[in-house]
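> Sharing a structure below in structure tokens format, with a few things to ask.
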Amino acid sequence: MKYALVTGGSRGIGKAVCIRLASDLNYNLLLNYHSNTAAAEETKSEVEKAGVKCDLLKFDVADHDSTQKTIENWKNENPEAKIEILVNNAGITKDGLFIWTNKESWDSVVDTSLNGFYNVTQTVLKDMLRSRFGRVINIVSLSGLKGNPGQVNYSAAKGAMISATKALAQEIGKRKVTVNAVAPGFIKSEMTSEFDEDELKKLIPLNRFGDPEEVANLVSFLASERSSYITGEVININGGLYS
Ligand code: NAP
């Protein structure tokens, strides 16, 4: 009973990742989401078409206690299940110039991406270390590498996740658990639905936004046995926008 846990798996990149991990690698899915139950149910039925199980886990990754409780309860109810893959994908943006960024906009963005990484990874990592196999894949962003004006909060959260990826990879490599980050540029999803693609694509050498499925292909490779000698890396997927 091998499982992959994908946070923010109901929509966008997370949804495409769930479908890929099920169809490429035959993993059962633990699909976390925050509030959109209809989207989560729809993704679950698409995942199940690959012939695997998909359990929905509703919790806010920013909430330490509820994250820990929900995952621990699920583990107790499924003692034979083993979470081998963790994709820390849940993330939000609250854009605006730093000077106007209030405490709530700062905290919620950092709490979801960075503290979400802590809350979820802490809860599942010990089991990976014990079984001497695991894949942790953190979905970060171009913003976390180059810094993006209007996104100081988001750049800070994703930049910190990149450093955490590199540090954790060095701590646990001996146990054959790898930790990598994927840094997308502009990808079509609800997060970017208000962006002017016709204008922004002029900046992108491949002249278009990426599709969630293209990010999912990379995550699927990193989650597989085929990536066994890659750890502590940040892999860009941005149509040539930045490297
Ligand atoms: P999206 O379409 O807005 O989907 C976000 C997903 O995260 C949804 O499944 C949502 O659940 C979930 N989520 C949000 N807050 C959560 C929380 N507190 N706890 C649990 N789940 C939560 O976003 P996306 O574009 O697919 O982005 C996915 C990841 O890629 C994010 O980390 C984002 O920062 C990163 N990224 C995206 C782009 C891009 O261009 N789209 C570029 C670089 C990086 P509900 O459905 O329940 O709301």
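Chain labels run A, B, ... following the order of the structure tokens; each chain numbers its residues from 1, and ligands are numbered from 1 in the order shown.
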Range 18-26 of chain A: which residues within 6 Å, counting only C-alpha atoms, same-chain residues fewer than 6 positions away excluded, as a list in words?

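In the requested form, the answer reads Val47, Ala50 and Ser220 of chain A.
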
> Suppose we keep N, CA, C and O atoms; can you now write the selection as a tab-separated table (two decimals), in the first residue's frame?


```tsv
chain	number	residue	atom	x	y	z
A	47	VAL	N	-8.15	10.60	-10.61
A	47	VAL	CA	-7.01	9.79	-10.15
A	47	VAL	C	-7.40	8.31	-10.14
A	47	VAL	O	-6.63	7.44	-10.58
A	50	ALA	N	-6.96	5.69	-12.90
A	50	ALA	CA	-5.68	4.97	-13.10
A	50	ALA	C	-5.66	3.64	-12.34
A	50	ALA	O	-4.66	2.93	-12.37
A	220	SER	N	6.94	13.83	-11.48
A	220	SER	CA	6.83	12.38	-11.59
A	220	SER	C	8.21	11.75	-11.74
A	220	SER	O	8.53	10.73	-11.11
```

> I want to know what sits within 9 Å of Thr37 in chain A, based on only C-alpha atoms, with residues of the same chain fewer than 4 positions away left out; could you give that as a ChimeraX atom specification?

/A:10,33,41-42,56,58

> Check the smallest atom-to-atom distance from each of A:Leu168, A:Leu222, A:Ile92, A:Met128 to Asp107 in chain A using only C-alpha atoms, then report the winner.

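Comparing A:Leu168, A:Leu222, A:Ile92, A:Met128 against Asp107 in chain A, the winner is A:Ile92.
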
> What does the list of residues within 8 Å of ligand 1 look like if you count only C-alpha atoms and all ligand atoms, written as a PyMOL selection string?

chain A and resi 7-15+32-37+39-40+58-63+88-93+111-113+116+139-143+154+158+183-192+209-210+212

> Only N, CA and C atoms, please: the residues just picked out, written as a compact mmCIF listing (two decimals), in the first residue's frame.


```
# COMPACT_ATOMS: atom_id res chain seq x y z
N THR A 7 0.11 17.90 -1.20
CA THR A 7 -0.66 18.98 -0.56
C THR A 7 -1.17 19.91 -1.67
N GLY A 8 -2.35 20.47 -1.44
CA GLY A 8 -2.97 21.31 -2.48
C GLY A 8 -3.17 20.52 -3.75
N GLY A 9 -3.70 19.30 -3.59
CA GLY A 9 -3.83 18.40 -4.75
C GLY A 9 -5.15 18.55 -5.49
N SER A 10 -6.01 19.44 -5.05
CA SER A 10 -7.34 19.51 -5.65
C SER A 10 -7.37 20.24 -6.99
N ARG A 11 -6.47 21.20 -7.16
CA ARG A 11 -6.54 22.05 -8.37
C ARG A 11 -5.14 22.30 -8.93
N GLY A 12 -5.11 22.86 -10.14
CA GLY A 12 -3.87 23.38 -10.72
C GLY A 12 -2.75 22.36 -10.81
N ILE A 13 -1.55 22.78 -10.40
CA ILE A 13 -0.36 21.93 -10.50
C ILE A 13 -0.52 20.67 -9.65
N GLY A 14 -1.06 20.83 -8.44
CA GLY A 14 -1.22 19.69 -7.53
C GLY A 14 -2.13 18.63 -8.12
N LYS A 15 -3.17 19.06 -8.78
CA LYS A 15 -4.09 18.11 -9.42
C LYS A 15 -3.35 17.31 -10.51
N ASN A 32 -4.43 16.11 -0.27
CA ASN A 32 -4.79 17.16 0.70
C ASN A 32 -5.35 18.38 -0.05
N TYR A 33 -6.33 19.02 0.57
CA TYR A 33 -6.83 20.30 0.05
C TYR A 33 -7.29 21.12 1.24
N HIS A 34 -7.67 22.38 0.96
CA HIS A 34 -8.01 23.28 2.06
C HIS A 34 -9.51 23.48 2.20
N SER A 35 -10.18 23.87 1.10
CA SER A 35 -11.60 24.18 1.24
C SER A 35 -12.47 23.77 0.05
N ASN A 36 -11.86 23.59 -1.12
CA ASN A 36 -12.68 23.34 -2.32
C ASN A 36 -12.97 21.83 -2.48
N THR A 37 -13.99 21.37 -1.74
CA THR A 37 -14.29 19.94 -1.72
C THR A 37 -14.75 19.44 -3.09
N ALA A 39 -13.80 20.45 -6.06
CA ALA A 39 -12.62 20.25 -6.92
C ALA A 39 -11.85 19.00 -6.47
N ALA A 40 -11.75 18.80 -5.15
CA ALA A 40 -11.03 17.63 -4.64
C ALA A 40 -11.72 16.33 -5.07
N LYS A 58 -8.71 16.71 4.20
CA LYS A 58 -8.94 18.16 4.24
C LYS A 58 -8.27 18.75 5.48
N PHE A 59 -7.28 19.57 5.27
CA PHE A 59 -6.69 20.33 6.38
C PHE A 59 -5.92 21.52 5.83
N ASP A 60 -5.70 22.48 6.70
CA ASP A 60 -4.95 23.67 6.33
C ASP A 60 -3.48 23.42 6.68
N VAL A 61 -2.61 23.35 5.66
CA VAL A 61 -1.20 23.02 5.93
C VAL A 61 -0.54 24.04 6.85
N ALA A 62 -1.13 25.23 6.92
CA ALA A 62 -0.55 26.28 7.78
C ALA A 62 -0.84 26.03 9.26
N ASP A 63 -1.79 25.14 9.53
CA ASP A 63 -2.21 24.87 10.91
C ASP A 63 -1.48 23.60 11.40
N ASN A 88 5.17 18.82 -1.46
CA ASN A 88 4.71 20.03 -0.75
C ASN A 88 4.37 21.08 -1.81
N ASN A 89 3.10 21.07 -2.20
CA ASN A 89 2.67 21.92 -3.32
C ASN A 89 1.76 23.07 -2.88
N ALA A 90 1.06 22.93 -1.75
CA ALA A 90 0.08 23.96 -1.36
C ALA A 90 0.79 25.32 -1.24
N GLY A 91 0.19 26.32 -1.83
CA GLY A 91 0.78 27.65 -1.76
C GLY A 91 -0.23 28.69 -2.18
N ILE A 92 -0.07 29.89 -1.68
CA ILE A 92 -0.97 30.99 -2.06
C ILE A 92 -0.12 32.24 -2.34
N THR A 93 -0.73 33.19 -3.05
CA THR A 93 -0.08 34.50 -3.21
C THR A 93 -0.99 35.57 -2.63
N ASP A 111 3.09 31.28 6.10
CA ASP A 111 2.53 30.13 6.84
C ASP A 111 2.14 28.99 5.90
N THR A 112 1.59 29.32 4.74
CA THR A 112 1.12 28.26 3.84
C THR A 112 2.30 27.56 3.18
N SER A 113 3.20 28.30 2.57
CA SER A 113 4.32 27.63 1.86
C SER A 113 5.38 27.13 2.83
N GLY A 116 3.93 25.38 6.07
CA GLY A 116 3.27 24.18 5.55
C GLY A 116 4.29 23.09 5.27
N ILE A 139 7.41 22.30 -4.16
CA ILE A 139 7.10 23.18 -5.29
C ILE A 139 7.37 24.61 -4.84
N VAL A 140 8.41 25.19 -5.41
CA VAL A 140 8.80 26.55 -5.03
C VAL A 140 8.42 27.47 -6.18
N SER A 141 9.27 28.39 -6.57
CA SER A 141 8.90 29.32 -7.63
C SER A 141 10.13 30.07 -8.11
N LEU A 142 10.03 30.52 -9.35
CA LEU A 142 11.02 31.44 -9.89
C LEU A 142 11.19 32.64 -8.93
N SER A 143 10.10 33.07 -8.34
CA SER A 143 10.15 34.21 -7.40
C SER A 143 11.09 33.95 -6.24
N TYR A 154 5.92 36.29 -0.88
CA TYR A 154 5.98 35.01 -1.61
C TYR A 154 7.43 34.64 -1.94
N LYS A 158 9.21 31.21 -0.62
CA LYS A 158 9.74 30.20 -1.55
C LYS A 158 11.26 30.14 -1.48
N ALA A 183 10.99 24.61 -9.45
CA ALA A 183 10.70 26.05 -9.47
C ALA A 183 10.01 26.46 -10.78
N PRO A 184 8.69 26.48 -10.80
CA PRO A 184 8.00 26.87 -12.03
C PRO A 184 8.06 28.38 -12.26
N GLY A 185 7.96 28.74 -13.56
CA GLY A 185 7.74 30.14 -13.93
C GLY A 185 6.24 30.37 -14.00
N PHE A 186 5.76 30.90 -15.14
CA PHE A 186 4.31 31.12 -15.29
C PHE A 186 3.63 29.85 -15.78
N ILE A 187 2.74 29.33 -14.95
CA ILE A 187 2.00 28.10 -15.30
C ILE A 187 0.51 28.43 -15.26
N LYS A 188 -0.23 27.91 -16.26
CA LYS A 188 -1.67 28.18 -16.33
C LYS A 188 -2.39 27.52 -15.16
N SER A 189 -3.00 28.33 -14.29
CA SER A 189 -3.80 27.79 -13.18
C SER A 189 -4.63 28.95 -12.64
N GLU A 190 -5.43 28.67 -11.62
CA GLU A 190 -6.22 29.77 -11.05
C GLU A 190 -5.32 30.86 -10.48
N MET A 191 -4.11 30.44 -10.02
CA MET A 191 -3.19 31.41 -9.44
C MET A 191 -2.77 32.48 -10.44
N THR A 192 -2.70 32.10 -11.73
CA THR A 192 -2.23 33.04 -12.76
C THR A 192 -3.36 33.46 -13.71
N PHE A 209 2.79 30.43 -21.55
CA PHE A 209 2.77 29.90 -20.18
C PHE A 209 2.88 28.37 -20.26
N GLY A 210 3.38 27.78 -19.17
CA GLY A 210 3.44 26.32 -19.11
C GLY A 210 2.10 25.73 -18.67
N PRO A 212 0.11 22.83 -16.26
CA PRO A 212 0.35 22.06 -15.03
C PRO A 212 0.90 20.67 -15.31
```

> Quick one: DSSP helix (DSSP H, G or I) residues in range 21-171 of chain A, as a PyMOL selection string?

chain A and resi 21-25+37-48+64-77+98-100+103-131+142-146+152-171

> Contacts between range 224-234 of chain A and range 98-153 of chain A, please, where a residue of range 98-153 of chain A counts if it comes within 10 Å (with only C-alpha atoms); show its shortest atom pair and distance in Å to one decimal, rows by chain and ascending number, as JSON lines.


```
{"residue": "A:Phe133", "atom": "CA", "partner": "A:Glu225", "partner_atom": "CA", "distance": 9.8}
{"residue": "A:Gly134", "atom": "CA", "partner": "A:Ser224", "partner_atom": "CA", "distance": 9.8}
{"residue": "A:Arg135", "atom": "CA", "partner": "A:Ser224", "partner_atom": "CA", "distance": 8.2}
{"residue": "A:Val136", "atom": "CA", "partner": "A:Thr231", "partner_atom": "CA", "distance": 9.5}
{"residue": "A:Ile137", "atom": "CA", "partner": "A:Val234", "partner_atom": "CA", "distance": 9.7}
{"residue": "A:Asn138", "atom": "CA", "partner": "A:Val234", "partner_atom": "CA", "distance": 9.0}
{"residue": "A:Ile139", "atom": "CA", "partner": "A:Val234", "partner_atom": "CA", "distance": 9.5}
{"residue": "A:Val140", "atom": "CA", "partner": "A:Val234", "partner_atom": "CA", "distance": 8.6}
{"residue": "A:Ser141", "atom": "CA", "partner": "A:Val234", "partner_atom": "CA", "distance": 9.6}
{"residue": "A:Leu145", "atom": "CA", "partner": "A:Val234", "partner_atom": "CA", "distance": 9.2}
```
